[in-house]
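Source file model.tsv; content: TSV, C-alpha atoms.
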```tsv
chain	number	residue	atom	x	y	z
A	1	MET	CA	59.02	69.49	142.94
A	2	SER	CA	60.29	73.01	143.24
A	3	THR	CA	57.88	75.88	143.60
A	4	ALA	CA	60.45	78.30	142.15
A	5	LEU	CA	59.39	78.70	138.52
A	6	ALA	CA	59.64	81.75	136.34
A	7	PRO	CA	56.38	83.71	136.04
A	8	GLY	CA	54.22	82.49	133.18
A	9	HIS	CA	55.17	78.82	133.58
A	10	ASP	CA	52.68	76.16	134.61
A	11	PHE	CA	52.88	73.11	136.83
A	12	HIS	CA	51.65	69.98	135.05
A	13	ILE	CA	50.56	67.50	137.69
A	14	VAL	CA	48.54	64.32	137.98
A	15	GLY	CA	45.72	64.83	140.45
A	16	PHE	CA	44.46	61.99	142.63
A	17	GLN	CA	42.39	61.45	145.75
A	18	VAL	CA	43.40	59.92	149.06
A	19	GLY	CA	40.50	60.16	151.47
A	20	ARG	CA	38.84	63.54	151.05
A	21	GLU	CA	41.98	65.34	149.90
A	22	THR	CA	43.26	65.93	146.39
A	23	TYR	CA	46.99	65.51	145.88
A	24	GLY	CA	49.28	65.98	142.93
A	25	VAL	CA	52.65	64.76	141.67
A	26	PRO	CA	54.56	66.07	138.65
A	27	ILE	CA	53.37	64.55	135.37
A	28	THR	CA	57.03	64.04	134.43
A	29	SER	CA	57.40	61.41	137.17
A	30	LEU	CA	54.31	59.44	136.10
A	31	HIS	CA	54.92	56.28	134.07
A	32	GLU	CA	51.30	55.07	133.92
A	33	ILE	CA	48.11	54.47	135.89
A	34	VAL	CA	46.88	50.88	136.33
A	35	ARG	CA	44.10	49.03	138.14
A	36	VAL	CA	45.17	47.29	141.35
A	37	PRO	CA	46.27	43.74	140.44
A	38	GLU	CA	47.18	40.95	142.85
A	39	ILE	CA	49.99	42.18	145.09
A	40	THR	CA	52.66	39.84	146.45
A	41	ALA	CA	53.53	40.61	150.08
A	42	VAL	CA	57.19	41.09	151.01
A	43	PRO	CA	58.40	40.09	154.50
A	44	ASP	CA	59.99	42.72	156.77
A	45	ALA	CA	58.59	45.62	154.73
A	46	PRO	CA	57.36	48.78	156.46
A	47	GLU	CA	53.63	48.78	157.18
A	48	PHE	CA	52.76	51.09	154.27
A	49	VAL	CA	54.57	48.88	151.70
A	50	GLU	CA	51.92	46.49	150.37
A	51	GLY	CA	54.40	44.38	148.39
A	52	VAL	CA	55.34	44.02	144.73
A	53	ILE	CA	53.57	43.52	141.41
A	54	ASN	CA	54.72	42.21	138.05
A	55	LEU	CA	54.07	44.96	135.52
A	56	ARG	CA	54.76	43.52	132.06
A	57	GLY	CA	57.86	41.71	133.28
A	58	LYS	CA	59.12	44.45	135.61
A	59	ILE	CA	58.93	44.06	139.38
A	60	VAL	CA	57.38	47.19	140.91
A	61	SER	CA	57.23	47.87	144.66
A	62	VAL	CA	53.81	49.12	145.79
A	63	ILE	CA	53.19	51.63	148.58
A	64	ASP	CA	49.71	52.22	149.94
A	65	LEU	CA	49.65	55.99	149.87
A	66	ARG	CA	46.61	55.97	152.14
A	67	LYS	CA	48.70	54.37	154.90
A	68	ARG	CA	51.78	56.46	154.05
A	69	LEU	CA	49.79	59.67	154.48
A	70	GLY	CA	48.09	58.49	157.67
A	71	GLU	CA	44.55	58.06	156.31
A	72	LYS	CA	42.39	56.62	159.10
A	73	LYS	CA	39.76	54.83	157.01
A	74	ILE	CA	41.23	52.54	154.36
A	75	THR	CA	38.77	50.69	152.20
A	76	ALA	CA	39.47	48.95	148.93
A	77	SER	CA	37.19	49.73	146.01
A	78	ARG	CA	37.06	49.28	142.27
A	79	ARG	CA	38.06	52.94	141.87
A	80	ASN	CA	41.44	52.36	143.54
A	81	ARG	CA	44.36	52.80	141.16
A	82	ILE	CA	48.10	52.42	141.23
A	83	LEU	CA	50.09	55.40	140.00
A	84	VAL	CA	53.30	53.94	138.63
A	85	VAL	CA	55.98	56.58	139.05
A	86	GLU	CA	59.60	56.62	138.03
A	87	HIS	CA	62.13	57.82	140.56
A	88	ASN	CA	65.91	57.47	140.33
A	89	GLY	CA	65.51	55.10	137.39
A	90	ARG	CA	63.20	52.70	139.27
A	91	LEU	CA	59.47	52.17	139.08
A	92	SER	CA	57.28	52.33	142.20
A	93	GLY	CA	53.52	52.07	142.56
A	94	LEU	CA	51.34	54.27	144.75
A	95	ILE	CA	47.88	52.97	145.67
A	96	VAL	CA	45.39	55.86	145.68
A	97	ASP	CA	41.62	56.02	146.13
A	98	SER	CA	41.17	57.34	142.60
A	99	ALA	CA	43.17	59.10	139.93
A	100	SER	CA	41.36	62.14	138.67
A	101	GLU	CA	43.01	64.19	135.99
A	102	VAL	CA	46.02	65.97	134.61
A	103	LEU	CA	46.00	69.50	135.98
A	104	LYS	CA	47.75	72.58	134.65
A	105	ILE	CA	48.27	75.05	137.49
A	106	PRO	CA	49.85	78.45	136.77
A	107	ALA	CA	52.97	79.13	138.85
A	108	GLY	CA	51.22	82.17	140.35
A	109	ASP	CA	48.60	79.84	141.85
A	110	VAL	CA	51.16	77.68	143.68
A	111	GLU	CA	52.36	78.61	147.13
A	112	ALA	CA	55.09	77.05	149.24
A	113	SER	CA	53.87	74.75	151.98
A	114	PRO	CA	53.39	76.40	155.39
A	115	LYS	CA	56.61	76.68	157.41
A	116	ILE	CA	55.21	74.59	160.26
A	117	LEU	CA	55.12	71.55	157.96
A	118	HIS	CA	58.88	71.77	157.42
A	119	GLU	CA	59.65	71.19	161.09
A	120	ASN	CA	58.80	67.50	160.64
A	121	GLU	CA	61.39	65.41	158.76
A	122	LEU	CA	58.60	63.25	157.32
A	123	ASN	CA	57.18	66.18	155.36
A	124	CYS	CA	56.64	65.36	151.71
A	125	VAL	CA	54.52	68.43	150.85
A	126	THR	CA	56.26	70.84	148.48
A	127	GLY	CA	53.45	73.30	147.95
A	128	LEU	CA	49.77	74.00	147.63
A	129	GLY	CA	48.16	74.67	144.28
A	130	LYS	CA	44.91	76.59	143.83
A	131	TYR	CA	42.78	75.03	141.12
A	132	LYS	CA	39.14	75.87	140.38
A	133	GLY	CA	38.37	76.88	143.95
A	134	ARG	CA	40.06	73.93	145.64
A	135	LEU	CA	43.50	73.26	147.08
A	136	ILE	CA	45.75	70.58	145.61
A	137	VAL	CA	48.48	69.30	147.95
A	138	LEU	CA	51.67	68.95	145.88
A	139	LEU	CA	53.89	66.04	146.94
A	140	ASP	CA	57.62	65.42	146.67
A	141	ILE	CA	58.14	61.96	145.12
A	142	THR	CA	61.63	61.64	146.64
A	143	ARG	CA	60.44	62.08	150.23
A	144	LEU	CA	57.28	60.09	149.59
A	145	LEU	CA	59.24	57.05	148.45
A	146	ASP	CA	61.82	57.13	151.24
A	147	VAL	CA	61.07	53.79	152.86
A	148	GLY	CA	63.49	54.29	155.77
A	149	VAL	CA	61.11	56.76	157.40
A	150	ARG	CA	62.67	58.95	160.06
A	151	THR	CA	61.11	60.07	163.29
A	152	GLN	CA	61.51	63.64	164.49
A	153	LYS	CA	64.53	62.63	166.55
A	154	GLY	CA	66.20	61.06	163.51
A	155	ALA	CA	65.78	57.37	164.41
A	156	VAL	CA	64.83	55.12	161.54
A	157	ILE	CA	61.53	53.28	161.92
A	158	GLN	CA	62.09	49.63	161.01
A	159	GLY	CA	59.89	47.15	159.15
A	160	LYS	CA	56.99	45.32	160.84
A	161	SER	CA	58.80	42.15	161.86
A	162	GLU	CA	61.84	44.05	163.16
A	163	ASN	CA	59.49	45.99	165.44
A	164	ARG	CA	58.00	42.70	166.65
A	165	ARG	CA	61.45	41.24	167.32
A	166	ALA	CA	62.50	44.33	169.27
A	167	ALA	CA	59.30	44.22	171.33
A	168	ALA	CA	59.75	40.50	172.03
A	169	ALA	CA	63.33	41.06	173.20
A	170	LYS	CA	62.16	43.47	175.94
```

In C-alpha cells, how does this file's structure come out?
Amino acid sequence: MSTALAPGHDFHIVGFQVGRETYGVPITSLHEIVRVPEITAVPDAPEFVEGVINLRGKIVSVIDLRKRLGEKKITASRRNRILVVEHNGRLSGLIVDSASEVLKIPAGDVEASPKILHENELNCVTGLGKYKGRLIVLLDITRLLDVGVRTQKGAVIQGKSENRRAAAAK
C-alpha cells in the first residue's frame, strides 16, 4: 500500500484488531470476512501458518496474524475472524482477534512509517493512519504473506520440522 496519493484522495481500509492494536489493509485486497472454521494443519509449515481451510471448494492457506505480528498472548474466542485476502491471484486467510469496520482515512491523515522500522527486512508496516483520535497501523499484504521470512542477516527461517531436524543433527 503506497502512502503517495494525490491530495484529496482517501485510503479505504478494513480495520481489525490484533491484541490491543488496530491494523488496516486495503479494502481492494479483501475478498471476505468469515468465522474461524476447522483448520487442517499442514506439516513443515512455519509456526505462524495454522494450516488450510476449504472455503466453498477453494483451498485457502491460513496465517495466524497474532503469531505473525509477535503477539504474546494468543487466545481463541468467538470474536476471532479470518480476513480472506487476495494476493497475486491467490486467496489467503488472516486470523485476527476481531474485524471492526471499513475506514476511510484522508491521505493527509496518513504518514509514512518511521524510518527505524525500515531497517528490519521483516517490516510489513507501510504507514500510520490517524482516525478519530487513534492510530491505525497500515500493513503491506505482500510482505505480510511472505512465508519465507527473512532474518536481518538475510537467512531464511525454515518451517517447524526443518528447525527440529537441524537441531537434532547438531

Polymer residues at most 9 Å from (53.7, 63.6, 137.6) by all atoms listed in the file, as a list in words: His12, Ile13, Val14, Gly15, Gly24, Val25, Pro26, Ile27, Thr28, Ser29, Leu30, His31, Val85, Val102 and Ile141 of chain A

Given the selection you just returned, output its residues as a file containing C-alpha atoms, formatted as a compact mmCIF listing (two decimals), in the frame of the given file.
```txt
# COMPACT_ATOMS: atom_id res chain seq x y z
CA HIS A 12 51.65 69.98 135.05
CA ILE A 13 50.56 67.50 137.69
CA VAL A 14 48.54 64.32 137.98
CA GLY A 15 45.72 64.83 140.45
CA GLY A 24 49.28 65.98 142.93
CA VAL A 25 52.65 64.76 141.67
CA PRO A 26 54.56 66.07 138.65
CA ILE A 27 53.37 64.55 135.37
CA THR A 28 57.03 64.04 134.43
CA SER A 29 57.40 61.41 137.17
CA LEU A 30 54.31 59.44 136.10
CA HIS A 31 54.92 56.28 134.07
CA VAL A 85 55.98 56.58 139.05
CA VAL A 102 46.02 65.97 134.61
CA ILE A 141 58.14 61.96 145.12
```

Closest of A:Leu103, A:Ile136, A:Leu128, A:Val42 to Arg20 (chain A) - atom-to-atom distances counting only C-alpha atoms: A:Ile136

Residues near Leu139 (chain A), cut-off 8 Å, only C-alpha atoms, skip fewer than 5 positions along chain, as a ChimeraX atom specification: /A:1,23-25,124-127,144

Distance of CA of Leu91 (chain A) from CA of Gly51 (chain A), expressed in Å to one decimal place: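 About the pair CA of Gly51 (chain A) and CA of Leu91 (chain A): they are 13.2 Å apart.
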
Atom-to-atom span, CA of Arg81 (chain A) and CA of Ile33 (chain A), Å: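 Those two atoms sit 6.7 Å apart.
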
Who sits within 10 Å of Lys73 (chain A), all atoms listed in the file, same chain under 5 positions skipped, as a ChimeraX atom specification: /A:19,66-67

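If all atoms listed in the file are the atoms counted, then among A:Val137, A:Leu145, A:Leu65, A:Ile53 the closest residue to Arg35 (chain A) is A:Ile53.
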
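If only C-alpha atoms are the atoms counted, then among A:Glu86, A:Asp97, A:Asp109, A:Asp140 the closest residue to Glu32 (chain A) is A:Glu86.
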
Coordinates-based distance that separates CA of Val52 (chain A) from CA of Leu83 (chain A) (Å, one decimal):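 For CA of Leu83 (chain A) relative to CA of Val52 (chain A), the distance reads 13.4 Å.
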
Residue nearest Lys72 (chain A) among A:Ile105, A:Ile95, A:Val18, A:Leu135 (counting all atoms listed in the file):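 Under the stated criterion, the closest residue is A:Val18.
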
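The closest residue to Glu47 (chain A), picked from A:Gly108, A:Thr75, A:Asp64, A:Val34 and counting all atoms listed in the file, is A:Asp64.
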
Pick from A:Gly89, A:Gly57, A:Pro114, A:Gly129 nearest to Thr142 (chain A), counting all atoms listed in the file: A:Gly89
